[in-house]
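The file run-v8.pdb contains PDB, C-alpha atoms:
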```pdb
ATOM      1  CA  TRP A   1       9.946  18.850  17.560
ATOM      2  CA  GLY A   2      12.108  21.947  17.033
ATOM      3  CA  LYS A   3      10.152  24.931  18.273
ATOM      4  CA  TYR A   4       7.734  22.745  20.245
ATOM      5  CA  SER A   5       8.865  22.401  23.829
ATOM      6  CA  THR A   6       6.377  19.828  25.103
ATOM      7  CA  TYR A   7       4.134  17.211  23.544
ATOM      8  CA  TRP A   8       1.973  14.316  24.752
ATOM      9  CA  TRP A   9      -0.775  11.959  23.635
ATOM     10  CA  THR A  10      -4.233  12.020  25.134
ATOM     11  CA  ASN A  11      -7.382  10.307  23.863
ATOM     12  CA  ASN A  12      -5.890   9.676  20.422
ATOM     13  CA  VAL A  13      -4.893  13.326  20.109
ATOM     14  CA  LEU A  14      -1.378  14.719  19.927
ATOM     15  CA  VAL A  15      -1.139  17.946  21.963
ATOM     16  CA  LEU A  16       1.834  20.216  21.273
ATOM     17  CA  TYR A  17       2.642  23.001  23.745
ATOM     18  CA  VAL A  18       4.530  25.827  22.030
ATOM     19  CA  ARG A  19       7.185  27.238  24.362
ATOM     20  CA  LYS A  20       5.649  29.301  27.178
ATOM     21  CA  ASP A  21       2.795  30.804  25.219
ATOM     22  CA  LEU A  22      -0.742  29.836  26.151
ATOM     23  CA  PHE A  23      -1.267  28.243  22.786
ATOM     24  CA  TYR A  24      -1.974  24.621  22.033
ATOM     25  CA  LEU A  25      -1.795  23.053  18.629
ATOM     26  CA  ILE A  26      -3.897  19.919  18.436
ATOM     27  CA  ILE A  27      -3.280  17.431  15.684
ATOM     28  CA  ARG A  28      -5.730  14.587  15.555
ATOM     29  CA  ASN A  29      -4.368  11.097  15.244
ATOM     30  CA  LEU A  30      -4.226   9.856  11.663
ATOM     31  CA  MET A  31      -6.474   6.949  12.673
ATOM     32  CA  ASN A  32      -9.367   9.396  12.292
ATOM     33  CA  PHE A  33      -8.730   9.197   8.535
ATOM     34  CA  SER A  34      -8.607   5.415   8.327
ATOM     35  CA  PHE A  35     -10.504   4.052   5.327
ATOM     36  CA  LEU A  36      -9.689   0.328   5.578
ATOM     37  CA  THR A  37      -8.840  -0.936   9.041
ATOM     38  CA  GLY A  38      -7.200  -4.192  10.095
ATOM     39  CA  ASN A  39      -5.672  -5.484  13.311
ATOM     40  CA  SER A  40      -2.105  -4.248  12.796
ATOM     41  CA  VAL A  41      -2.428  -1.802   9.882
ATOM     42  CA  TYR A  42      -4.909   0.585   8.354
ATOM     43  CA  LEU A  43      -5.098   2.130   4.907
ATOM     44  CA  ARG A  44      -6.089   5.677   4.066
ATOM     45  CA  GLY A  45      -6.266   7.565   0.797
ATOM     46  CA  LEU A  46      -2.958   8.731  -0.635
ATOM     47  CA  GLU A  47      -2.490  12.512  -0.369
ATOM     48  CA  LYS A  48      -0.022  14.781  -2.135
ATOM     49  CA  ASP A  49       1.906  15.285   1.113
ATOM     50  CA  ASP A  50       2.432  11.509   1.267
ATOM     51  CA  LEU A  51       4.465  11.478  -1.936
ATOM     52  CA  ILE A  52       7.615  12.221   0.055
ATOM     53  CA  TYR A  53       7.328   8.712   1.531
ATOM     54  CA  LEU A  54       7.020   7.147  -1.912
ATOM     55  CA  LYS A  55      10.001   9.135  -3.134
ATOM     56  CA  GLU A  56      12.093   7.829  -0.231
ATOM     57  CA  TRP A  57      10.999   4.214  -0.753
ATOM     58  CA  LEU A  58      11.361   4.233  -4.548
ATOM     59  CA  CYS A  59      14.896   5.603  -4.226
ATOM     60  CA  ASP A  60      15.856   2.695  -1.969
ATOM     61  CA  GLU A  61      17.603   0.017  -4.057
ATOM     62  CA  LYS A  62      16.667  -2.652  -1.518
ATOM     63  CA  VAL A  63      12.953  -1.841  -1.871
ATOM     64  CA  THR A  64      12.965  -1.736  -5.691
ATOM     65  CA  HIS A  65      15.410  -4.622  -6.253
ATOM     66  CA  TYR A  66      12.739  -6.862  -7.844
ATOM     67  CA  LEU A  67      10.366  -4.114  -8.995
ATOM     68  CA  GLU A  68      10.024  -2.309 -12.300
ATOM     69  CA  SER A  69      10.046   0.968 -10.354
ATOM     70  CA  GLY A  70      13.251   2.690  -9.314
ATOM     71  CA  VAL A  71      14.888   2.807 -12.740
ATOM     72  CA  TRP A  72      15.511   6.550 -12.440
ATOM     73  CA  PRO A  73      15.075   9.167  -9.672
ATOM     74  CA  LEU A  74      11.569  10.594  -9.489
ATOM     75  CA  SER A  75      10.504  14.100  -8.539
ATOM     76  CA  ILE A  76       7.416  14.877  -6.484
ATOM     77  CA  GLU A  77       5.800  16.244  -9.658
ATOM     78  CA  GLN A  78       6.403  12.969 -11.497
ATOM     79  CA  LEU A  79       5.035  10.967  -8.586
ATOM     80  CA  ASP A  80       1.975  13.207  -8.525
ATOM     81  CA  LYS A  81       1.214  12.334 -12.151
ATOM     82  CA  GLN A  82       1.897   8.646 -11.596
ATOM     83  CA  TYR A  83       0.056   8.049  -8.324
ATOM     84  CA  LEU A  84      -2.573  10.782  -7.953
ATOM     85  CA  ASN A  85      -3.811  11.392 -11.500
ATOM     86  CA  GLU A  86      -6.503   9.394 -13.298
ATOM     87  CA  LEU A  87      -8.340   8.813 -10.051
ATOM     88  CA  ASN A  88     -11.312   7.294 -11.835
ATOM     89  CA  ASN A  89      -9.234   4.291 -12.907
ATOM     90  CA  ASN A  90      -6.684   4.117 -10.081
ATOM     91  CA  ILE A  91      -7.181   4.092  -6.310
ATOM     92  CA  SER A  92      -4.084   4.516  -4.137
ATOM     93  CA  PHE A  93      -3.663   4.003  -0.397
ATOM     94  CA  LEU A  94      -0.971   4.646   2.170
ATOM     95  CA  VAL A  95      -0.371   1.723   4.536
ATOM     96  CA  ILE A  96      -0.063   2.827   8.173
ATOM     97  CA  LEU A  97       1.126   0.784  11.149
ATOM     98  CA  LYS A  98      -1.664   1.191  13.707
ATOM     99  CA  ASN A  99       0.261   1.176  16.987
ATOM    100  CA  GLN A 100       2.731   3.831  15.774
ATOM    101  CA  ASP A 101       0.728   5.750  13.145
ATOM    102  CA  LYS A 102       3.766   5.208  10.958
ATOM    103  CA  PRO A 103       3.546   5.037   7.139
ATOM    104  CA  ILE A 104       5.204   1.786   6.058
ATOM    105  CA  GLY A 105       3.976   1.135   2.539
ATOM    106  CA  TRP A 106       1.711   1.735  -0.408
ATOM    107  CA  GLY A 107      -0.975  -0.231  -2.210
ATOM    108  CA  GLY A 108      -3.833   0.243  -4.571
ATOM    109  CA  LEU A 109      -6.055  -0.863  -7.418
ATOM    110  CA  TYR A 110      -4.944   0.138 -10.899
ATOM    111  CA  ASP A 111      -6.302   0.031 -14.444
ATOM    112  CA  ILE A 112      -9.811  -0.441 -13.090
ATOM    113  CA  ASN A 113     -12.196  -1.439 -15.863
ATOM    114  CA  TRP A 114     -15.704  -0.557 -14.742
ATOM    115  CA  ILE A 115     -17.323  -2.527 -17.580
ATOM    116  CA  LYS A 116     -15.427  -5.806 -17.084
ATOM    117  CA  ARG A 117     -15.260  -4.994 -13.349
ATOM    118  CA  SER A 118     -11.593  -5.888 -13.082
ATOM    119  CA  ALA A 119      -8.474  -4.296 -11.636
ATOM    120  CA  GLU A 120      -4.824  -4.969 -10.921
ATOM    121  CA  LEU A 121      -3.732  -5.010  -7.279
ATOM    122  CA  ARG A 122      -0.317  -3.426  -6.681
ATOM    123  CA  PHE A 123       1.441  -3.229  -3.355
ATOM    124  CA  PHE A 124       4.757  -2.911  -1.527
ATOM    125  CA  ILE A 125       6.059  -2.355   1.995
ATOM    126  CA  GLY A 126       8.538   0.516   1.677
ATOM    127  CA  ASP A 127       9.909   0.548   5.212
ATOM    128  CA  THR A 128      12.235  -2.454   5.256
ATOM    129  CA  LYS A 129      12.014  -2.734   9.052
ATOM    130  CA  PHE A 130       8.457  -3.997   8.548
ATOM    131  CA  TRP A 131       9.119  -6.623   5.915
ATOM    132  CA  ASN A 132       7.143  -9.325   7.614
ATOM    133  CA  MET A 133       4.217 -11.472   6.578
ATOM    134  CA  THR A 134       1.755  -9.857   8.998
ATOM    135  CA  SER A 135       1.733  -6.294   7.635
ATOM    136  CA  ALA A 136       1.813  -7.289   3.983
ATOM    137  CA  LEU A 137      -0.696 -10.110   4.318
ATOM    138  CA  GLU A 138      -3.225  -7.993   6.181
ATOM    139  CA  SER A 139      -2.866  -5.100   3.727
ATOM    140  CA  PHE A 140      -3.462  -7.441   0.790
ATOM    141  CA  LYS A 141      -6.580  -8.842   2.457
ATOM    142  CA  LEU A 142      -7.960  -5.359   3.129
ATOM    143  CA  LEU A 143      -7.481  -4.368  -0.505
ATOM    144  CA  LEU A 144      -9.070  -7.573  -1.722
ATOM    145  CA  GLU A 145     -12.080  -7.174   0.556
ATOM    146  CA  TYR A 146     -12.467  -3.587  -0.654
ATOM    147  CA  SER A 147     -12.302  -4.775  -4.273
ATOM    148  CA  PHE A 148     -15.098  -7.320  -4.013
ATOM    149  CA  LYS A 149     -17.325  -6.052  -1.213
ATOM    150  CA  LYS A 150     -17.252  -2.304  -1.826
ATOM    151  CA  LEU A 151     -16.368  -1.884  -5.499
ATOM    152  CA  ASN A 152     -18.229  -5.027  -6.576
ATOM    153  CA  LEU A 153     -15.378  -6.102  -8.855
ATOM    154  CA  HIS A 154     -15.497  -9.471 -10.614
ATOM    155  CA  LYS A 155     -11.773 -10.130 -11.044
ATOM    156  CA  VAL A 156      -8.566  -8.884  -9.430
ATOM    157  CA  THR A 157      -5.140  -9.605 -10.887
ATOM    158  CA  ALA A 158      -1.637  -9.383  -9.427
ATOM    159  CA  GLY A 159       1.909 -10.112 -10.492
ATOM    160  CA  ALA A 160       5.296 -10.776  -8.931
ATOM    161  CA  ASN A 161       8.894 -11.240  -9.986
ATOM    162  CA  VAL A 162       9.620 -14.984  -9.847
ATOM    163  CA  GLU A 163      12.634 -14.310  -7.625
ATOM    164  CA  ASN A 164      10.620 -12.193  -5.196
ATOM    165  CA  LYS A 165       9.452 -15.197  -3.200
ATOM    166  CA  ASN A 166       8.026 -13.215  -0.289
ATOM    167  CA  SER A 167       5.725 -11.369  -2.670
ATOM    168  CA  TRP A 168       4.301 -14.303  -4.619
ATOM    169  CA  LYS A 169       4.014 -16.477  -1.514
ATOM    170  CA  ILE A 170       1.694 -13.860   0.018
ATOM    171  CA  ILE A 171      -0.333 -13.657  -3.196
ATOM    172  CA  GLU A 172      -0.767 -17.429  -3.263
ATOM    173  CA  ARG A 173      -1.518 -17.625   0.443
ATOM    174  CA  ILE A 174      -4.384 -15.167   0.063
ATOM    175  CA  GLY A 175      -6.016 -17.350  -2.570
ATOM    176  CA  PHE A 176      -4.936 -16.041  -5.956
ATOM    177  CA  VAL A 177      -4.671 -18.588  -8.764
ATOM    178  CA  LYS A 178      -1.500 -18.637 -10.855
ATOM    179  CA  GLU A 179      -2.492 -18.184 -14.494
ATOM    180  CA  GLY A 180       0.982 -18.418 -15.962
ATOM    181  CA  THR A 181       4.495 -17.044 -16.318
ATOM    182  CA  ILE A 182       5.402 -13.999 -18.373
ATOM    183  CA  ARG A 183       8.918 -14.482 -19.661
ATOM    184  CA  ASP A 184      11.657 -11.829 -19.552
ATOM    185  CA  THR A 185       9.179  -9.080 -18.682
ATOM    186  CA  ILE A 186      11.210  -7.227 -16.026
ATOM    187  CA  TYR A 187      14.703  -5.823 -16.571
ATOM    188  CA  ARG A 188      16.592  -4.963 -13.410
ATOM    189  CA  ASN A 189      20.055  -5.496 -11.955
ATOM    190  CA  GLY A 190      21.597  -6.184 -15.356
ATOM    191  CA  LYS A 191      19.297  -9.075 -16.315
ATOM    192  CA  TYR A 192      15.776 -10.059 -17.309
ATOM    193  CA  TYR A 193      13.308 -11.638 -14.887
ATOM    194  CA  ASP A 194      10.198 -13.707 -15.470
ATOM    195  CA  ALA A 195       7.026 -12.771 -13.598
ATOM    196  CA  TYR A 196       4.165 -14.867 -12.280
ATOM    197  CA  PHE A 197       0.703 -13.663 -13.226
ATOM    198  CA  TYR A 198      -2.193 -14.289 -10.816
ATOM    199  CA  SER A 199      -5.911 -13.627 -10.565
ATOM    200  CA  ILE A 200      -8.808 -14.262  -8.223
ATOM    201  CA  LEU A 201     -12.501 -14.172  -9.117
ATOM    202  CA  ARG A 202     -15.282 -12.900  -6.919
ATOM    203  CA  ASN A 203     -16.813 -16.359  -6.381
ATOM    204  CA  GLU A 204     -13.389 -17.781  -5.464
ATOM    205  CA  TYR A 205     -12.940 -15.027  -2.904
ATOM    206  CA  GLN A 206     -16.384 -15.700  -1.445
ATOM    207  CA  LYS A 207     -15.698 -19.435  -1.089
ATOM    208  CA  ILE A 208     -12.539 -18.722   0.889
ATOM    209  CA  TYR A 209     -13.470 -15.735   3.037
ATOM    210  CA  ASP A 210     -17.242 -15.849   3.423
ATOM    211  CA  SER A 211     -17.005 -19.386   4.768
ATOM    212  CA  LYS A 212     -14.390 -18.252   7.309
ATOM    213  CA  SER A 213     -16.691 -15.528   8.624
ATOM    214  CA  LYS A 214     -19.522 -17.959   9.358
TER     215      LYS A 214
END
```

Written form, structure tokens:
Amino acid sequence: WGKYSTYWWTNNVLVLYVRKDLFYLIIRNLMNFSFLTGNSVYLRGLEKDDLIYLKEWLCDEKVTHYLESGVWPLSIEQLDKQYLNELNNNISFLVILKNQDKPIGWGGLYDINWIKRSAELRFFIGDTKFWNMTSALESFKLLLEYSFKKLNLHKVTAGANVENKNSWKIIERIGFVKEGTIRDTIYRNGKYYDAYFYSILRNEYQKIYDSKSK
């Protein structure tokens, strides 16, 4: 902690004692800013200070191996325009691991059409130590629930590189329907990749998840 000599957690609050001065700096646990909460992760709104995490993840070749992102290095200013602008049509979240308050990924709804009531769900886990089904699956479910139950959307779409099996397996497991294959739509690693295109309608979501809650 550098200049901080002592720190401890108490009642979801981090207390930092600065050297020998009688001064305490209290930083409330990020859970106080949770917007969508699951069992192992929670999602909160993406802030400008969070862009440093995205910059780190999008510069990691392992993270972007199957993605369209990561073609060139991005500055914080470029990320600001890409992820924080046009807030009326895009909603971005930071994915936080609950038991550590550690940012591990990003997700959001993009190209929201308020007339057709549709949006594209985009998501990735940036911290490769947490590439497991639990974190990604729960984050997807939280975003989908938010889409239909809070935003009252009618249709949510998603896509995945055909070689990114972990990604499209999660999409299918959640209940998305594969609409087709878009050929040679991603160029990475010196070759073209096909992508699967998926969607789920509001009534399809209700059949799956409302019945489970009864």

Using 10 Å as the limit and counting only C-alpha atoms, can you tabulate each residue of region 64-89 of chain A that touches region 184-200 of chain A, with its shortest atom-to-atom distance in Å and the two atoms involved, as a Markdown table?
```
| residue | atom | partner | partner_atom | distance |
| --- | --- | --- | --- | --- |
| A:Thr64 | CA | A:Arg188 | CA | 9.1 |
| A:His65 | CA | A:Arg188 | CA | 7.3 |
| A:Tyr66 | CA | A:Arg188 | CA | 7.0 |
| A:Leu67 | CA | A:Arg188 | CA | 7.7 |
| A:Glu68 | CA | A:Ile186 | CA | 6.3 |
| A:Ser69 | CA | A:Arg188 | CA | 9.3 |
| A:Gly70 | CA | A:Arg188 | CA | 9.3 |
| A:Val71 | CA | A:Arg188 | CA | 8.0 |
```

> Which is closest to Arg117 (chain A) among A:Lys150, A:Lys155, A:Lys48, A:Lys102, if we use all atoms listed in the file?
Replying inline: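 Going through A:Lys150, A:Lys155, A:Lys48, A:Lys102 one by one, the smallest distance to Arg117 (chain A) is for A:Lys155.
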
>> Ranking A:Leu79, A:Val156, A:Leu151, A:Ile182 by minimum distance to Glu204 (chain A) and counting all atoms listed in the file, which one comes first?
In response: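 Smallest separation from Glu204 (chain A) among the options: A:Val156.
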
> A:Gly45, A:Gly175, A:Gly159, A:Gly105: which is nearest Ala136 (chain A), counting all atoms listed in the file?
Replying inline: A:Gly105

> Which is closer to Lys62 (chain A) than all the others in A:Asp101, A:Asp111, A:Asp80, A:Asp127, using only C-alpha atoms?
Replying inline: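 Residue with the minimum atom-to-atom distance to Lys62 (chain A): A:Asp127.
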
> For Asn89 (chain A), which residue among A:Tyr42, A:Tyr110, A:Tyr205, A:Trp57 is the nearest when counting only C-alpha atoms?
Replying inline: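 Of A:Tyr42, A:Tyr110, A:Tyr205, A:Trp57, the one nearest Asn89 (chain A), counting only C-alpha atoms, is A:Tyr110.
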
>> Which residues are near region 121-124 of chain A? Cut-off 9 Å, only C-alpha atoms, ignore same chain within fewer than 2 positions. Put them as an MDAnalysis selection string.
In response: chainID A and resid 63 104:110 119 126 136 139:140 143:144 156:159 167

> Please, what distance in Å, to one decimal, runs between CA of Ile96 (chain A) and CA of Val162 (chain A)?
Replying inline: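 Answer for the CA of Ile96 (chain A) to CA of Val162 (chain A) separation: 27.1 Å.
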
> CA of Leu153 (chain A) to CA of Ser118 (chain A): how many Å, to one decimal?
Replying inline: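 Separation between CA of Leu153 (chain A) and CA of Ser118 (chain A): 5.7 Å.
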
>> To one decimal place in Å, what is the distance between CA of Phe93 (chain A) and CA of Phe148 (chain A)?
In response: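 So the two atoms, CA of Phe93 (chain A) and CA of Phe148 (chain A), lie 16.5 Å apart.
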
> Which residue, A:Leu94, A:Glu172, A:Lys141, A:Ser211, has the smallest gap to Ile52 (chain A) when you use only C-alpha atoms?
Replying inline: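 The answer is A:Leu94, which sits nearest to Ile52 (chain A).
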